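> File follows, work17.tsv with TSV, C-alpha atoms:
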chain	number	residue	atom	x	y	z
C	1	MET	CA	91.36	88.91	109.08
C	2	ASN	CA	91.03	85.33	110.34
C	3	ARG	CA	88.05	83.03	109.91
C	4	LEU	CA	86.51	83.90	113.29
C	5	ASN	CA	86.49	87.63	112.51
C	6	ILE	CA	84.92	86.99	109.11
C	7	ILE	CA	82.17	84.95	110.79
C	8	LEU	CA	81.61	87.77	113.30
C	9	VAL	CA	81.32	90.34	110.52
C	10	ILE	CA	78.76	88.22	108.67
C	11	THR	CA	76.87	87.61	111.92
C	12	SER	CA	76.80	91.33	112.71
C	13	VAL	CA	75.35	92.09	109.26
C	14	MET	CA	72.64	89.49	109.80
C	15	CYS	CA	71.90	90.87	113.29
C	16	PHE	CA	71.77	94.40	111.90
C	17	PHE	CA	69.19	93.31	109.35
C	18	LEU	CA	67.11	91.39	111.92
C	19	VAL	CA	67.12	94.33	114.34
C	20	PHE	CA	65.40	96.47	111.71
C	21	LYS	CA	63.12	93.64	110.60
C	22	THR	CA	61.85	92.91	114.13
C	23	SER	CA	61.68	96.54	115.28
C	24	ASP	CA	58.33	98.23	115.92
C	25	GLU	CA	59.62	101.45	114.39
C	26	PRO	CA	58.11	102.45	111.02
C	27	LEU	CA	60.28	102.13	107.91
C	28	ILE	CA	62.10	105.28	106.82
C	29	ILE	CA	62.55	103.99	103.26
C	30	SER	CA	59.37	103.29	101.34
C	31	GLY	CA	58.87	100.82	98.55
C	32	GLU	CA	57.35	97.40	97.95
C	33	PHE	CA	60.72	95.61	98.16
C	34	PHE	CA	61.70	97.19	101.50
C	35	GLU	CA	58.24	96.66	102.97
C	36	LEU	CA	58.44	92.96	102.06
C	37	ALA	CA	62.04	92.53	103.21
C	38	PHE	CA	61.56	94.28	106.56
C	39	ARG	CA	58.08	92.99	107.35
C	40	GLN	CA	57.97	91.59	110.89
C	41	PHE	CA	57.70	87.86	111.58
C	42	THR	CA	54.38	86.51	112.79
C	43	LEU	CA	55.85	85.53	116.18
C	44	GLY	CA	58.98	86.13	118.23
C	45	ASN	CA	59.85	89.65	117.07
C	46	THR	CA	60.59	90.99	120.57
C	47	ILE	CA	62.81	88.02	121.46
C	48	LEU	CA	64.75	88.24	118.18
C	49	PHE	CA	65.10	92.00	118.53
C	50	ASN	CA	66.60	91.71	122.02
C	51	LEU	CA	68.90	88.81	121.10
C	52	CYS	CA	70.18	90.43	117.90
C	53	SER	CA	70.65	93.81	119.59
C	54	GLY	CA	72.68	92.26	122.40
C	55	LEU	CA	74.77	90.17	120.00
C	56	LEU	CA	75.37	93.14	117.70
C	57	ILE	CA	76.59	95.31	120.60
C	58	SER	CA	78.87	92.49	121.80
C	59	ILE	CA	80.43	92.06	118.36
C	60	TRP	CA	81.01	95.78	117.91
C	61	PHE	CA	82.46	95.96	121.42
C	62	TYR	CA	84.87	93.14	120.51
C	63	PHE	CA	86.06	94.91	117.38
C	64	LEU	CA	86.50	98.24	119.18
C	65	VAL	CA	88.22	96.89	122.29
C	66	VAL	CA	90.08	93.81	121.02
C	67	PHE	CA	90.40	93.57	117.23
C	68	ILE	CA	91.29	97.15	116.27
C	69	PRO	CA	93.96	97.66	119.02
C	70	GLU	CA	95.45	94.24	118.22
C	71	ALA	CA	95.52	95.02	114.49
C	72	LYS	CA	97.31	98.32	115.17
C	73	ARG	CA	99.86	96.58	117.41
C	74	LYS	CA	100.42	93.90	114.77
C	75	ASN	CA	100.96	96.53	112.06
C	76	ARG	CA	103.49	98.38	114.23
C	77	ILE	CA	105.46	95.19	114.86
C	78	LYS	CA	105.29	94.18	111.21
C	79	LYS	CA	106.42	97.62	110.01
C	80	HIS	CA	109.40	97.59	112.37
C	81	PHE	CA	110.20	93.99	111.40
C	82	VAL	CA	110.27	94.79	107.67
C	83	MET	CA	112.52	97.80	108.35
C	84	GLN	CA	114.89	95.55	110.30
C	85	TYR	CA	114.86	93.03	107.46
C	86	HIS	CA	115.92	95.64	104.90
C	87	GLN	CA	118.59	96.88	107.29
C	88	PHE	CA	119.81	93.31	107.74
C	89	ARG	CA	120.20	92.86	103.98
C	90	LYS	CA	121.99	96.20	103.61
C	91	GLN	CA	124.49	95.50	106.37
C	92	VAL	CA	125.34	92.06	105.00
C	93	VAL	CA	125.77	93.51	101.49
C	94	ILE	CA	128.16	96.11	102.94
C	95	CYS	CA	130.20	93.35	104.57
C	96	ILE	CA	130.37	91.38	101.32
C	97	LEU	CA	131.43	94.44	99.33
C	98	SER	CA	134.07	95.20	101.96
C	99	ALA	CA	135.54	91.71	101.55
C	100	CYS	CA	135.65	92.33	97.80
C	101	GLY	CA	137.58	95.55	98.39
C	102	GLU	CA	134.65	97.68	97.22
C	103	SER	CA	132.98	100.35	99.32
C	104	GLY	CA	129.82	100.88	97.28
C	105	ASP	CA	127.65	103.99	97.36
C	106	ALA	CA	124.13	104.12	98.76
C	107	ASP	CA	122.51	103.53	95.35
C	108	LEU	CA	124.59	100.41	94.73
C	109	ILE	CA	123.88	99.01	98.20
C	110	ASN	CA	120.14	99.67	97.86
C	111	SER	CA	120.10	97.92	94.49
C	112	LEU	CA	122.01	94.89	95.77
C	113	ILE	CA	119.37	94.07	98.38
C	114	ILE	CA	117.26	93.01	95.38
C	115	PRO	CA	118.07	89.31	94.67
C	116	SER	CA	118.23	89.63	90.87
C	117	LYS	CA	120.58	92.63	91.08
C	118	PHE	CA	122.69	90.89	93.72
C	119	LYS	CA	123.03	87.77	91.57
C	120	THR	CA	123.95	89.73	88.44
C	121	TYR	CA	126.51	91.86	90.28
C	122	PHE	CA	128.27	89.09	92.18
C	123	ASP	CA	128.19	86.68	89.27
C	124	GLY	CA	130.00	89.39	87.33
C	125	LYS	CA	133.71	90.19	87.40
C	126	ASP	CA	135.60	92.91	89.21
C	127	LYS	CA	138.45	95.12	87.93
C	128	THR	CA	140.88	92.20	88.14
C	129	ASP	CA	138.57	90.07	85.97
C	130	GLN	CA	137.66	87.79	88.86
C	131	ASN	CA	134.20	86.57	89.85
C	132	ARG	CA	133.07	88.82	92.71
C	133	TRP	CA	131.46	86.04	94.72
C	134	TYR	CA	134.66	83.99	94.66
C	135	VAL	CA	136.63	87.09	95.58
C	136	PHE	CA	134.35	87.55	98.56
C	137	MET	CA	134.68	83.93	99.68
C	138	ASN	CA	138.48	84.01	99.29
C	139	ASN	CA	138.85	87.32	101.16
C	140	ALA	CA	136.28	86.73	103.91
C	141	ASP	CA	138.36	86.72	107.07
C	142	GLU	CA	137.29	86.13	110.66
C	143	VAL	CA	136.21	89.75	111.12
C	144	ILE	CA	134.00	89.79	108.00
C	145	VAL	CA	132.40	86.45	108.89
C	146	LYS	CA	131.73	87.56	112.47
C	147	ASN	CA	130.17	90.82	111.27
C	148	ILE	CA	127.84	88.94	108.91
C	149	LEU	CA	126.93	86.43	111.60
C	150	ALA	CA	126.21	89.29	114.01
C	151	GLU	CA	123.62	90.59	111.52
C	152	PHE	CA	122.07	87.13	111.24
C	153	ILE	CA	121.88	86.78	115.01
C	154	ALA	CA	120.29	90.24	115.39
C	155	PHE	CA	117.67	89.42	112.78
C	156	LYS	CA	117.09	86.01	114.35
C	157	GLU	CA	116.21	87.81	117.58
C	158	MET	CA	113.75	89.99	115.66
C	159	ILE	CA	112.10	86.89	114.19
C	160	SER	CA	111.84	85.34	117.66
C	161	TYR	CA	110.22	88.54	118.93
C	162	LEU	CA	107.78	88.46	116.01
C	163	LEU	CA	106.84	84.83	116.67
C	164	ASN	CA	106.32	85.51	120.36
C	165	ASN	CA	104.13	88.57	119.84
C	166	ILE	CA	102.06	87.75	116.76
C	167	ASP	CA	99.89	84.71	116.25
C	168	ILE	CA	100.92	83.57	112.76
C	169	GLU	CA	98.27	81.24	111.38
C	170	ASP	CA	100.00	80.77	108.02
C	171	GLU	CA	101.79	77.42	108.52
C	172	GLU	CA	104.12	77.91	105.56
C	173	LEU	CA	105.22	81.31	106.85
C	174	HIS	CA	105.58	79.97	110.39
C	175	THR	CA	107.83	77.14	109.14
C	176	PHE	CA	109.78	79.57	106.94
C	177	LEU	CA	110.60	81.83	109.91
C	178	HIS	CA	111.64	78.90	112.09
C	179	ASN	CA	113.84	77.56	109.28
C	180	PHE	CA	115.64	80.90	109.08
C	181	ASN	CA	116.35	80.74	112.80
C	182	THR	CA	117.64	77.19	112.36
C	183	ILE	CA	119.95	78.30	109.54
C	184	THR	CA	121.29	81.10	111.72
C	185	THR	CA	122.00	78.63	114.52
C	186	ILE	CA	123.98	76.49	112.08
C	187	LEU	CA	125.91	79.48	110.67
C	188	VAL	CA	127.01	80.69	114.10
C	189	ASN	CA	129.71	78.00	114.14
C	190	THR	CA	131.27	79.21	110.87
C	191	ARG	CA	135.04	79.57	110.93
C	192	ALA	CA	136.83	81.60	108.28
C	193	ASP	CA	139.89	79.32	108.39
C	194	ASP	CA	137.87	76.13	107.87
C	195	TYR	CA	137.15	75.22	104.22
C	196	ASP	CA	134.14	73.00	104.93
C	197	SER	CA	132.72	75.56	107.32
C	198	MET	CA	133.02	78.34	104.74
C	199	LYS	CA	131.53	76.10	102.05
C	200	SER	CA	128.42	75.58	104.21
C	201	PHE	CA	128.42	79.32	104.91
C	202	SER	CA	128.30	80.05	101.18
C	203	ILE	CA	125.60	77.43	100.56
C	204	TYR	CA	123.30	79.09	103.09
C	205	LEU	CA	124.25	82.72	102.47
C	206	ARG	CA	124.07	82.98	98.69
C	207	PRO	CA	120.49	81.66	98.21
C	208	ILE	CA	119.15	84.22	100.69
C	209	PHE	CA	120.70	87.19	98.90
C	210	ALA	CA	120.90	85.98	95.29
C	211	GLY	CA	117.42	84.45	95.20
C	212	TYR	CA	117.43	80.69	95.14
C	213	SER	CA	115.29	77.85	96.47
C	214	TRP	CA	116.44	74.24	96.47
C	215	LYS	CA	112.91	73.22	95.48
C	216	LYS	CA	112.05	75.96	92.94
C	217	GLY	CA	115.47	77.02	91.68
C	218	SER	CA	116.39	80.64	90.96
C	219	TYR	CA	113.85	83.41	91.26
C	220	ASP	CA	114.04	87.16	90.51
C	221	TYR	CA	111.91	88.40	93.40
C	222	ASP	CA	112.65	88.80	97.09
C	223	ARG	CA	111.17	85.56	98.44
C	224	PHE	CA	111.85	86.61	102.01
C	225	GLY	CA	110.10	89.94	101.51
C	226	ASN	CA	107.14	88.23	99.84
C	227	MET	CA	106.82	85.82	102.74
C	228	PHE	CA	106.97	88.66	105.27
C	229	ASP	CA	104.12	90.44	103.47
C	230	ARG	CA	101.93	87.51	104.56
C	231	ILE	CA	102.35	88.35	108.25
Go ahead and express the file in the form of structure tokens.


Amino acid sequence: MNRLNIILVITSVMCFFLVFKTSDEPLIISGEFFELAFRQFTLGNTILFNLCSGLLISIWFYFLVVFIPEAKRKNRIKKHFVMQYHQFRKQVVICILSACGESGDADLINSLIIPSKFKTYFDGKDKTDQNRWYVFMNNADEVIVKNILAEFIAFKEMISYLLNNIDIEDEELHTFLHNFNTITTILVNTRADDYDSMKSFSIYLRPIFAGYSWKKGSYDYDRFGNMFDRI
């Protein structure tokens, strides 16, 4: 709920109180406190009653017609977006495992979308006693790279749709989403047969899935997921 809606809620509570205070109707609840609190003003009761009643109806009308439908629409978009994000991570993990010569069952794939599990697994060694991440980078051919980039592009489109349909007031989140789209634009030019290109590919890819920030270092949580929760 943004600042304007909070102000409207507080205003509606005040109007609700003033409607009862300025009304000519007798109090239903008895007691010295209520009689003092809801005692009419000396002057202007009718004017205040009409103004507060009109304002209260307008605010409730806004919440019923504008705020609630918009909140439902936003929740639908956010729910679909988060589902697409998890699907994006799964599909990229499948591509990486494929390059390593490993198929991976559903449980393994679901665990590897968690940054800490991904880091532990791909920092570990495979059956040939080789680091899995280096195996992936050495075996990533044009097909694997294109499949991964296709997932990035698809998710980039989802982010663009989100930005176009939801007013994101959180500046950090807004910048974060735009930065992801910028990274995707850079990665599109990756070539599997170009060493420098693949090096840049690894520099961008690994932090997203293994959990790393150039400013904060390694982290065990899903930073992307945490940011998306702020939508």

> So how many Å separate atom CA of Asp141 of chain C and atom CA of Val93 of chain C, to one decimal?

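Result for atom CA of Asp141 of chain C versus atom CA of Val93 of chain C: 15.4 Å, one decimal.
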
> Would you work out the distance separating atom CA of Phe228 of chain C from atom CA of Phe63 of chain C, expressed in Å to one decimal?

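Going from atom CA of Phe228 of chain C over to atom CA of Phe63 of chain C covers 25.0 Å.
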
> Grab the atom CA of Phe152 of chain C to atom CA of Lys90 of chain C distance for me, in Å with one decimal place.

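If I compute the distance from atom CA of Phe152 of chain C to atom CA of Lys90 of chain C, I get 11.9 Å.
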
> Between C:Pro115, C:Pro69, C:Gly211, C:Gly101, single out the one closest to Asn139 of chain C, counting only C-alpha atoms.

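Ranked by minimum distance to Asn139 of chain C, first place goes to C:Gly101.
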
> Could you pull the residues within 10 Å of Asn5 of chain C, counting all atoms listed in the file, minus those fewer than 5 positions along the same chain, as number ranges by chain?

C: 10-11, 59, 62-63, 67

> Where does segment 116-141 of chain C meet segment 95-99 of chain C within 9 Å, residue by residue, with the nearest atom pair and distance in Å to one decimal for each, counting only C-alpha atoms, listed by chain and rising number, as CSV?


residue,atom,partner,partner_atom,distance
C:Arg132,CA,C:Leu97,CA,8.8
C:Trp133,CA,C:Ile96,CA,8.6
C:Val135,CA,C:Ala99,CA,7.6
C:Phe136,CA,C:Ala99,CA,5.3
C:Met137,CA,C:Ala99,CA,8.0
C:Asn138,CA,C:Ala99,CA,8.5
C:Asn139,CA,C:Ala99,CA,5.5
C:Ala140,CA,C:Ala99,CA,5.6
C:Asp141,CA,C:Ala99,CA,8.0

> Quick one: residues within 9 Å of Leu149 of chain C, only C-alpha atoms counted, chain neighbours fewer than 3 positions away excluded, as number ranges by chain?

C: 92, 144-146, 152-154, 184, 187-188, 190

> Please provide the set of residues having any atom within 12 Å of segment 174-176 of chain C, restricted to all atoms listed in the file, with same-chain residues fewer than 2 positions apart removed, written as a ChimeraX atom specification.

/C:159-160,162-164,166-172,178-183,213,223-228,230-231

> Please put the answer as lines of an AutoDock Vina configuration file: centre and edge lengths, in Å with one decimal, of a box along x, y and z that encloses all listed atoms of segment 185-203 of chain C plus 5 Å on each side.


center_x = 130.9
center_y = 77.3
center_z = 107.5
size_x = 27.9
size_y = 18.6
size_z = 24.0

> Tell me, as a ChimeraX atom specification, which residues lie within 10 Å of Cys52 of chain C, counting all atoms listed in the file; anything in the same chain fewer than 3 positions away does not count.

/C:11-12,14-20,22,46-49,55-58

> For Tyr121 of chain C, find every residue with an atom within 10 Å (counting all atoms listed in the file), except residues of its own chain fewer than 3 positions away, and show them as a list of chain:residue names.

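Once the adjacent positions are removed, what remains is C:Leu108, C:Ser111, C:Leu112, C:Pro115, C:Ser116, C:Lys117, C:Phe118, C:Gly124, C:Lys125, C:Asp126, C:Asn131, C:Arg132, C:Trp133, C:Ala210.
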
> Using C-alpha atoms, can you export the residues from the last selection as a short mmCIF file (atom, residue, chain, number, x, y, z; two decimals), keeping the file's coordinate frame?


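again_0.cif, written as the output of this step:
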data_model
loop_
_atom_site.label_atom_id
_atom_site.label_comp_id
_atom_site.auth_asym_id
_atom_site.auth_seq_id
_atom_site.Cartn_x
_atom_site.Cartn_y
_atom_site.Cartn_z
CA LEU C 108 124.59 100.41 94.73
CA SER C 111 120.10 97.92 94.49
CA LEU C 112 122.01 94.89 95.77
CA PRO C 115 118.07 89.31 94.67
CA SER C 116 118.23 89.63 90.87
CA LYS C 117 120.58 92.63 91.08
CA PHE C 118 122.69 90.89 93.72
CA GLY C 124 130.00 89.39 87.33
CA LYS C 125 133.71 90.19 87.40
CA ASP C 126 135.60 92.91 89.21
CA ASN C 131 134.20 86.57 89.85
CA ARG C 132 133.07 88.82 92.71
CA TRP C 133 131.46 86.04 94.72
CA ALA C 210 120.90 85.98 95.29
#

> For Gln84 of chain C, which residue among C:Glu151, C:Glu35, C:Asp107, C:Asp229 is the nearest when counting all atoms listed in the file?

C:Glu151

> Given all atoms listed in the file as the basis, pick out the residue of C:Ile109, C:Lys156, C:Lys21, C:Ser53 nearest to Arg39 of chain C.

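Answer, going by the shortest atom-to-atom distance: C:Lys21.
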
> Place all heavy atoms on segment 76-87 of chain C and deliver the coordinates as an mmCIF file, in the coordinates of the input.


data_model
loop_
_atom_site.group_PDB
_atom_site.id
_atom_site.type_symbol
_atom_site.label_atom_id
_atom_site.label_comp_id
_atom_site.auth_asym_id
_atom_site.auth_seq_id
_atom_site.Cartn_x
_atom_site.Cartn_y
_atom_site.Cartn_z
ATOM 1 N N ARG C 76 102.274 97.715 113.740
ATOM 2 C CA ARG C 76 103.490 98.380 114.230
ATOM 3 C C ARG C 76 104.659 97.403 114.265
ATOM 4 O O ARG C 76 105.768 97.733 113.840
ATOM 5 C CB ARG C 76 103.249 98.947 115.634
ATOM 6 C CG ARG C 76 102.421 100.206 115.674
ATOM 7 C CD ARG C 76 102.564 100.928 117.010
ATOM 8 N NE ARG C 76 102.209 100.069 118.133
ATOM 9 C CZ ARG C 76 100.983 99.980 118.634
ATOM 10 N NH1 ARG C 76 100.011 100.713 118.112
ATOM 11 N NH2 ARG C 76 100.731 99.192 119.659
ATOM 12 N N ILE C 77 104.399 96.204 114.781
ATOM 13 C CA ILE C 77 105.460 95.190 114.860
ATOM 14 C C ILE C 77 105.912 94.777 113.470
ATOM 15 O O ILE C 77 107.110 94.658 113.206
ATOM 16 C CB ILE C 77 104.956 93.956 115.645
ATOM 17 C CG1 ILE C 77 104.696 94.324 117.104
ATOM 18 C CG2 ILE C 77 105.970 92.818 115.570
ATOM 19 C CD1 ILE C 77 104.078 93.213 117.920
ATOM 20 N N LYS C 78 104.944 94.579 112.569
ATOM 21 C CA LYS C 78 105.290 94.180 111.210
ATOM 22 C C LYS C 78 106.108 95.254 110.499
ATOM 23 O O LYS C 78 107.102 94.952 109.831
ATOM 24 C CB LYS C 78 104.009 93.890 110.406
ATOM 25 C CG LYS C 78 104.284 93.518 108.958
ATOM 26 C CD LYS C 78 102.991 93.263 108.198
ATOM 27 C CE LYS C 78 103.284 92.974 106.725
ATOM 28 N NZ LYS C 78 102.045 92.716 105.952
ATOM 29 N N LYS C 79 105.705 96.520 110.650
ATOM 30 C CA LYS C 79 106.420 97.620 110.010
ATOM 31 C C LYS C 79 107.867 97.685 110.499
ATOM 32 O O LYS C 79 108.803 97.838 109.702
ATOM 33 C CB LYS C 79 105.709 98.946 110.302
ATOM 34 C CG LYS C 79 106.348 100.154 109.636
ATOM 35 C CD LYS C 79 105.560 101.428 109.957
ATOM 36 C CE LYS C 79 106.208 102.643 109.304
ATOM 37 N NZ LYS C 79 105.458 103.889 109.605
ATOM 38 N N HIS C 80 108.054 97.565 111.804
ATOM 39 C CA HIS C 80 109.400 97.590 112.370
ATOM 40 C C HIS C 80 110.198 96.372 111.912
ATOM 41 O O HIS C 80 111.397 96.487 111.616
ATOM 42 C CB HIS C 80 109.316 97.611 113.898
ATOM 43 C CG HIS C 80 110.646 97.688 114.573
ATOM 44 N ND1 HIS C 80 111.495 98.772 114.434
ATOM 45 C CD2 HIS C 80 111.297 96.803 115.387
ATOM 46 C CE1 HIS C 80 112.606 98.553 115.131
ATOM 47 N NE2 HIS C 80 112.503 97.367 115.709
ATOM 48 N N PHE C 81 109.533 95.225 111.834
ATOM 49 C CA PHE C 81 110.200 93.990 111.400
ATOM 50 C C PHE C 81 110.702 94.118 109.968
ATOM 51 O O PHE C 81 111.840 93.736 109.660
ATOM 52 C CB PHE C 81 109.230 92.822 111.521
ATOM 53 C CG PHE C 81 109.779 91.520 111.026
ATOM 54 C CD1 PHE C 81 110.672 90.783 111.789
ATOM 55 C CD2 PHE C 81 109.411 91.025 109.782
ATOM 56 C CE1 PHE C 81 111.184 89.586 111.333
ATOM 57 C CE2 PHE C 81 109.916 89.832 109.315
ATOM 58 C CZ PHE C 81 110.805 89.101 110.090
ATOM 59 N N VAL C 82 109.871 94.629 109.081
ATOM 60 C CA VAL C 82 110.270 94.790 107.670
ATOM 61 C C VAL C 82 111.435 95.774 107.552
ATOM 62 O O VAL C 82 112.356 95.565 106.755
ATOM 63 C CB VAL C 82 109.057 95.260 106.827
ATOM 64 C CG1 VAL C 82 109.505 95.626 105.415
ATOM 65 C CG2 VAL C 82 107.995 94.176 106.780
ATOM 66 N N MET C 83 111.412 96.844 108.346
ATOM 67 C CA MET C 83 112.520 97.800 108.350
ATOM 68 C C MET C 83 113.813 97.115 108.787
ATOM 69 O O MET C 83 114.883 97.330 108.191
ATOM 70 C CB MET C 83 112.205 98.973 109.273
ATOM 71 C CG MET C 83 111.138 99.921 108.759
ATOM 72 S SD MET C 83 110.667 101.177 109.986
ATOM 73 C CE MET C 83 112.248 101.959 110.281
ATOM 74 N N GLN C 84 113.722 96.276 109.811
ATOM 75 C CA GLN C 84 114.890 95.550 110.300
ATOM 76 C C GLN C 84 115.393 94.557 109.256
ATOM 77 O O GLN C 84 116.607 94.338 109.125
ATOM 78 C CB GLN C 84 114.543 94.806 111.594
ATOM 79 C CG GLN C 84 114.319 95.711 112.789
ATOM 80 C CD GLN C 84 115.568 96.486 113.154
ATOM 81 O OE1 GLN C 84 116.664 95.935 113.194
ATOM 82 N NE2 GLN C 84 115.418 97.769 113.418
ATOM 83 N N TYR C 85 114.466 93.967 108.514
ATOM 84 C CA TYR C 85 114.860 93.030 107.460
ATOM 85 C C TYR C 85 115.658 93.723 106.378
ATOM 86 O O TYR C 85 116.699 93.216 105.945
ATOM 87 C CB TYR C 85 113.604 92.377 106.859
ATOM 88 C CG TYR C 85 113.868 91.634 105.577
ATOM 89 C CD1 TYR C 85 114.678 90.499 105.562
ATOM 90 C CD2 TYR C 85 113.324 92.069 104.371
ATOM 91 C CE1 TYR C 85 114.927 89.815 104.376
ATOM 92 C CE2 TYR C 85 113.564 91.394 103.192
ATOM 93 C CZ TYR C 85 114.368 90.268 103.200
ATOM 94 O OH TYR C 85 114.623 89.604 102.024
ATOM 95 N N HIS C 86 115.191 94.888 105.929
ATOM 96 C CA HIS C 86 115.920 95.640 104.900
ATOM 97 C C HIS C 86 117.291 96.095 105.429
ATOM 98 O O HIS C 86 118.284 96.078 104.695
ATOM 99 C CB HIS C 86 115.099 96.844 104.437
ATOM 100 C CG HIS C 86 113.924 96.470 103.597
ATOM 101 N ND1 HIS C 86 112.699 97.073 103.725
ATOM 102 C CD2 HIS C 86 113.770 95.537 102.635
ATOM 103 C CE1 HIS C 86 111.858 96.542 102.864
ATOM 104 N NE2 HIS C 86 112.481 95.598 102.202
ATOM 105 N N GLN C 87 117.325 96.476 106.689
ATOM 106 C CA GLN C 87 118.590 96.880 107.290
ATOM 107 C C GLN C 87 119.544 95.690 107.366
ATOM 108 O O GLN C 87 120.749 95.833 107.137
ATOM 109 C CB GLN C 87 118.339 97.448 108.697
ATOM 110 C CG GLN C 87 119.554 98.079 109.349
ATOM 111 C CD GLN C 87 120.052 99.317 108.603
ATOM 112 O OE1 GLN C 87 119.303 99.934 107.830
ATOM 113 N NE2 GLN C 87 121.304 99.672 108.813
#
